[in-house]
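So this one's structure03.txt, compact mmCIF, C-alpha atoms:
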# COMPACT_ATOMS: atom_id res chain seq x y z
CA MET L 1 -98.01 -51.66 8.57
CA ALA L 2 -98.32 -51.18 12.33
CA ASP L 3 -95.55 -48.58 12.71
CA LEU L 4 -94.24 -50.04 15.96
CA ILE L 5 -91.76 -47.73 17.70
CA ASP L 6 -90.36 -50.78 19.51
CA TYR L 7 -91.29 -54.40 20.28
CA SER L 8 -92.17 -53.93 23.95
CA GLY L 9 -95.74 -55.20 23.73
CA SER L 10 -97.05 -58.73 23.49
CA PHE L 11 -95.33 -61.41 21.48
CA ASP L 12 -96.43 -61.32 17.83
CA PRO L 13 -96.05 -64.65 16.02
CA ASP L 14 -96.36 -62.73 12.73
CA PHE L 15 -93.70 -60.12 13.56
CA SER L 16 -91.83 -58.72 10.55
CA TYR L 17 -89.66 -55.68 10.05
CA ASP L 18 -92.26 -54.01 7.86
CA LYS L 19 -94.33 -53.51 11.04
CA LEU L 20 -91.67 -51.20 12.49
CA SER L 21 -91.78 -47.43 12.27
CA LYS L 22 -89.20 -45.61 10.17
CA ASP L 23 -87.30 -44.60 13.33
CA ALA L 24 -87.28 -48.14 14.70
CA MET L 25 -86.13 -49.48 11.33
CA LEU L 26 -83.30 -46.94 11.20
CA LYS L 27 -82.22 -47.99 14.71
CA MET L 28 -82.11 -51.62 13.54
CA LEU L 29 -80.17 -50.70 10.38
CA LYS L 30 -77.63 -48.75 12.44
CA ALA L 31 -77.29 -51.66 14.85
CA GLY L 32 -76.70 -53.99 11.89
CA ALA L 33 -73.99 -51.72 10.49
CA ASP L 34 -72.33 -51.50 13.89
CA TYR L 35 -72.53 -55.28 14.22
CA ILE L 36 -70.64 -55.68 10.94
CA ARG L 37 -67.99 -53.21 12.15
CA MET L 38 -67.61 -55.16 15.37
CA ILE L 39 -67.30 -58.48 13.51
CA ASP L 40 -64.55 -56.91 11.42
CA GLY L 41 -62.74 -55.57 14.48
CA TYR L 42 -62.92 -58.78 16.48
CA TRP L 43 -61.92 -60.85 13.44
CA TYR L 44 -58.91 -58.60 12.84
CA LEU L 45 -57.85 -58.78 16.50
CA ALA L 46 -58.17 -62.59 16.54
CA VAL L 47 -56.04 -62.99 13.40
CA MET L 48 -53.54 -60.45 14.73
CA LYS L 49 -53.23 -62.37 18.01
CA GLU L 50 -52.70 -65.73 16.28
CA CYS L 51 -50.71 -64.70 13.19
CA GLY L 52 -49.44 -61.15 13.72
CA ASN L 53 -50.51 -57.74 12.49
CA ASP L 54 -48.90 -58.05 9.03
CA LEU L 55 -51.07 -61.01 8.05
CA ALA L 56 -54.17 -59.58 9.73
CA PHE L 57 -53.74 -56.32 7.81
CA LYS L 58 -53.14 -58.10 4.49
CA LEU L 59 -56.22 -60.32 4.85
CA ASP L 60 -58.38 -57.44 6.10
CA SER L 61 -57.26 -55.31 3.14
CA ASP L 62 -58.03 -58.08 0.64
CA ILE L 63 -61.51 -58.58 2.06
CA TRP L 64 -62.39 -54.88 2.30
CA GLU L 65 -61.21 -54.12 -1.23
CA LYS L 66 -63.75 -56.65 -2.50
CA LEU L 67 -66.48 -55.51 -0.13
CA GLY L 68 -65.83 -51.81 -0.76
CA ALA L 69 -66.47 -52.21 -4.47
CA TYR L 70 -69.42 -54.53 -3.85
CA THR L 71 -71.05 -52.09 -1.41
CA MET L 72 -70.79 -49.20 -3.88
CA GLU L 73 -72.19 -51.31 -6.73
CA LEU L 74 -75.03 -52.57 -4.52
CA THR L 75 -75.90 -49.08 -3.27
CA ARG L 76 -75.82 -47.73 -6.81
CA LYS L 77 -78.12 -50.48 -8.05
CA MET L 78 -80.57 -50.40 -5.13
CA LEU L 79 -80.98 -46.62 -5.24
CA ASN L 80 -80.74 -46.24 -9.01
CA ILE L 81 -77.73 -43.91 -8.82
CA GLY L 82 -76.69 -43.27 -12.40
CA GLY L 83 -73.74 -41.56 -13.97
CA ASP L 84 -69.99 -41.86 -13.83
CA GLY L 85 -69.13 -38.60 -12.12
CA VAL L 86 -67.98 -37.59 -8.69
CA ASP L 87 -71.58 -36.83 -7.71
CA ALA L 88 -72.57 -40.48 -8.24
CA ALA L 89 -69.66 -41.64 -6.07
CA ALA L 90 -70.54 -39.07 -3.37
CA LYS L 91 -74.21 -40.11 -3.36
CA SER L 92 -73.28 -43.77 -2.99
CA LEU L 93 -70.86 -43.00 -0.15
CA GLN L 94 -73.63 -41.06 1.62
CA ALA L 95 -76.19 -43.85 1.16
CA SER L 96 -74.00 -46.93 1.68
CA PRO L 97 -75.22 -49.23 4.46
CA TRP L 98 -71.75 -48.85 6.00
CA SER L 99 -72.28 -45.09 6.31
CA LEU L 100 -74.90 -45.56 9.02
CA MET L 101 -72.09 -45.80 11.58
CA TYR L 102 -70.64 -42.43 10.66
CA ASP L 103 -71.83 -38.92 10.35
CA ILE L 104 -70.81 -38.23 6.75
CA LYS L 105 -70.72 -34.74 5.32
CA ALA L 106 -70.47 -34.55 1.54
CA GLU L 107 -70.09 -31.33 -0.41
CA MET L 108 -69.85 -30.78 -4.15
CA LYS L 109 -67.35 -28.13 -5.23
CA GLY L 110 -68.49 -27.66 -8.80
CA ASP L 111 -69.24 -30.58 -11.11
CA ASN L 112 -66.03 -32.55 -10.72
CA ILE L 113 -64.92 -32.24 -7.08
CA ALA L 114 -66.48 -33.61 -3.89
CA ILE L 115 -65.24 -33.25 -0.33
CA ILE L 116 -66.22 -36.20 1.85
CA SER L 117 -65.80 -35.85 5.62
CA PHE L 118 -66.25 -38.71 8.08
CA LEU L 119 -67.13 -37.38 11.52
CA ASN L 120 -66.80 -39.20 14.82
CA CYS L 121 -65.52 -42.51 13.44
CA PRO L 122 -66.11 -45.37 15.91
CA THR L 123 -63.23 -47.39 14.43
CA LEU L 124 -60.80 -44.52 14.96
CA LYS L 125 -62.05 -44.10 18.53
CA SER L 126 -61.40 -47.80 19.19
CA LEU L 127 -57.95 -47.66 17.61
CA MET L 128 -57.00 -44.56 19.62
CA LYS L 129 -58.23 -46.21 22.82
CA GLU L 130 -56.15 -49.30 21.99
CA GLY L 131 -53.07 -47.06 21.83
CA GLN L 132 -50.90 -49.24 19.55
CA GLY L 133 -50.71 -46.75 16.68
CA ARG L 134 -52.63 -48.97 14.27
CA GLU L 135 -54.74 -45.99 13.19
CA LYS L 136 -51.86 -44.90 10.97
CA LEU L 137 -51.91 -48.21 9.12
CA ILE L 138 -55.71 -48.55 8.98
CA CYS L 139 -56.60 -44.90 8.31
CA HIS L 140 -53.63 -43.80 6.20
CA LYS L 141 -53.11 -46.93 4.12
CA LEU L 142 -56.23 -49.13 4.10
CA GLU L 143 -58.87 -46.39 4.09
CA TYR L 144 -57.00 -44.50 1.39
CA ARG L 145 -56.96 -47.62 -0.79
CA LEU L 146 -60.63 -48.28 -0.06
CA MET L 147 -61.64 -44.76 -1.04
CA GLU L 148 -59.82 -45.30 -4.35
CA VAL L 149 -61.56 -48.64 -4.90
CA LYS L 150 -64.96 -47.13 -4.11
CA ALA L 151 -64.44 -44.10 -6.36
CA ARG L 152 -63.22 -46.21 -9.28
CA VAL L 153 -66.46 -48.19 -9.27
CA PHE L 154 -67.87 -45.05 -10.86
CA ASN L 155 -64.97 -43.84 -12.93
CA PRO L 156 -61.29 -44.83 -13.13
CA ASP L 157 -60.45 -41.15 -13.65
CA ILE L 158 -61.62 -40.13 -10.17
CA VAL L 159 -58.54 -39.19 -8.16
CA VAL L 160 -58.75 -39.54 -4.38
CA THR L 161 -56.68 -37.23 -2.19
CA PRO L 162 -56.68 -37.40 1.60
CA LEU L 163 -57.17 -33.92 3.07
CA LYS L 164 -57.24 -34.83 6.77
CA LEU L 165 -56.15 -38.08 8.36
CA PRO L 166 -55.64 -39.05 11.99
CA PRO L 167 -54.58 -37.92 14.40
CA GLN L 168 -57.54 -35.58 14.68
CA GLU L 169 -56.93 -31.91 15.21
CA PRO L 170 -57.81 -30.85 18.78
CA GLY L 171 -61.46 -29.82 18.97
CA SER L 172 -62.31 -31.23 15.51
CA ASP L 173 -64.92 -33.91 14.97
CA ILE L 174 -63.48 -34.73 11.52
CA SER L 175 -61.95 -38.21 11.67
CA CYS L 176 -60.86 -38.14 8.05
CA GLN L 177 -61.59 -36.03 4.99
CA TRP L 178 -61.15 -36.83 1.31
CA GLU L 179 -61.24 -35.01 -2.00
CA LEU L 180 -62.70 -36.88 -4.97
CA LYS L 181 -61.77 -35.16 -8.21
CA LEU L 182 -62.66 -36.25 -11.73
CA GLU L 183 -59.69 -35.80 -14.03
CA ARG L 184 -60.93 -37.27 -17.31
CA GLY L 185 -58.26 -38.82 -19.49
CA LYS L 186 -55.62 -38.77 -16.78
I'd like the structure from this file rewritten - as structure tokens, please.
Amino acid sequence: MADLIDYSGSFDPDFSYDKLSKDAMLKMLKAGADYIRMIDGYWYLAVMKECGNDLAFKLDSDIWEKLGAYTMELTRKMLNIGGDGVDAAAKSLQASPWSLMYDIKAEMKGDNIAIISFLNCPTLKSLMKEGQGREKLICHKLEYRLMEVKARVFNPDIVVTPLKLPPQEPGSDISCQWELKLERGK
């Protein structure tokens, strides 16, 4: 492994990602995650323009419910995250490829409660800049449903409660904040 910090030198016909340094690889992973976010945003806007926001939101929700579960299952499998508790869900949220776009703060409050905070969300920033109020639909409805879908990959008894949703409090970098609480047998 060459541990390249970038690819500024001569052309390498045998280039592969395993020649990159850890920092360069993380930059590429973050760029890939941002690329996926941008595809989602542009796709949504194109459908909204042609068919209206109701259909765009419905289709986006259907797709992300499937992908939310898939991403948690994939992360769990790839990183060997075992268990059916809140800690397993919190670890998978922290390590998900999607999380590279956010600064995620996860705290365990005992064995059965986690507080997950998403800081400086680029999607929220774009929605606020757009100024159409879609953050209420995306953040309050879709993201709430997606957090439930992601948590239930681990245990159907994990209850998701939004603690902070947009609009952001002045001076706060918390875009949204969630409580995951295991209530066995509920």
Taking a cut-off of 12 Å and counting all atoms listed in the file, can you build a table that, for each residue of stretch 52-164 of chain L near stretch 20-28 of chain L, reports the nearest atom pair and how far apart they are in Å (one decimal), sorted by chain then residue number, as JSON lines?
{"residue": "L:Pro97", "atom": "CA", "partner": "L:Leu26", "partner_atom": "CA", "distance": 10.8}
{"residue": "L:Leu100", "atom": "CA", "partner": "L:Leu26", "partner_atom": "CA", "distance": 8.8}
{"residue": "L:Met101", "atom": "CA", "partner": "L:Lys27", "partner_atom": "CA", "distance": 10.8}
Set the distance at 9 Å and use all atoms listed in the file: which residues neighbour L:Ile104 once local chain neighbours fewer than 4 positions away are removed? I'd like the list as a tab-separated table (two decimals) with C-alpha atoms, keeping the file's coordinate frame.
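Writing the result to selection00.tsv gives the following:
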chain	number	residue	atom	x	y	z
L	93	LEU	CA	-70.86	-43.00	-0.15
L	94	GLN	CA	-73.63	-41.06	1.62
L	99	SER	CA	-72.28	-45.09	6.31
L	100	LEU	CA	-74.90	-45.56	9.02
L	116	ILE	CA	-66.22	-36.20	1.85
L	117	SER	CA	-65.80	-35.85	5.62
L	118	PHE	CA	-66.25	-38.71	8.08
L	119	LEU	CA	-67.13	-37.38	11.52
**Asked** At what distance in Å, to one decimal, does atom CA of L:Leu180 lie from atom CA of L:Ile115?
**Response**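 Distance between the two atoms: 6.4 Å.
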**Item:** Two-atom distance - atom CA of L:Ile138, atom CA of L:Asn112 (Å)
**Value:** 27.4 Å
Would you give me, as CSV, each residue of stretch 119-171 of chain L having an atom within 9 Å of an atom of stretch 53-69 of chain L, along with its shortest atom pair and that distance in Å to one decimal, using all atoms listed in the file and sorting by chain and residue number?
residue,atom,partner,partner_atom,distance
L:Leu137,CA,L:Phe57,CA,8.4
L:Ile138,CA,L:Phe57,CA,8.1
L:Leu142,CA,L:Ser61,CA,6.3
L:Arg145,CA,L:Glu65,CA,7.8
L:Leu146,CA,L:Glu65,CA,6.0
L:Met147,CA,L:Gly68,CA,8.2
L:Val149,CA,L:Ala69,CA,6.1
L:Lys150,CA,L:Ala69,CA,5.3
L:Ala151,CA,L:Ala69,CA,8.6
L:Arg152,CA,L:Ala69,CA,8.3
L:Val153,CA,L:Ala69,CA,6.3
**Atom pair atom CA of L:Ser8 / atom CA of L:Tyr35: separation (Å)** =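 Computing the Euclidean distance for atom CA of L:Ser8 and atom CA of L:Tyr35 yields 22.0 Å.
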**Prompt:** Near L:Cys121, counting only C-alpha atoms, which residues have an atom at most 9 Å away, once you skip same-chain residues fewer than 4 positions from it, shown as a ChimeraX atom specification?
**Reply:** /L:101-103,125-126,173-176
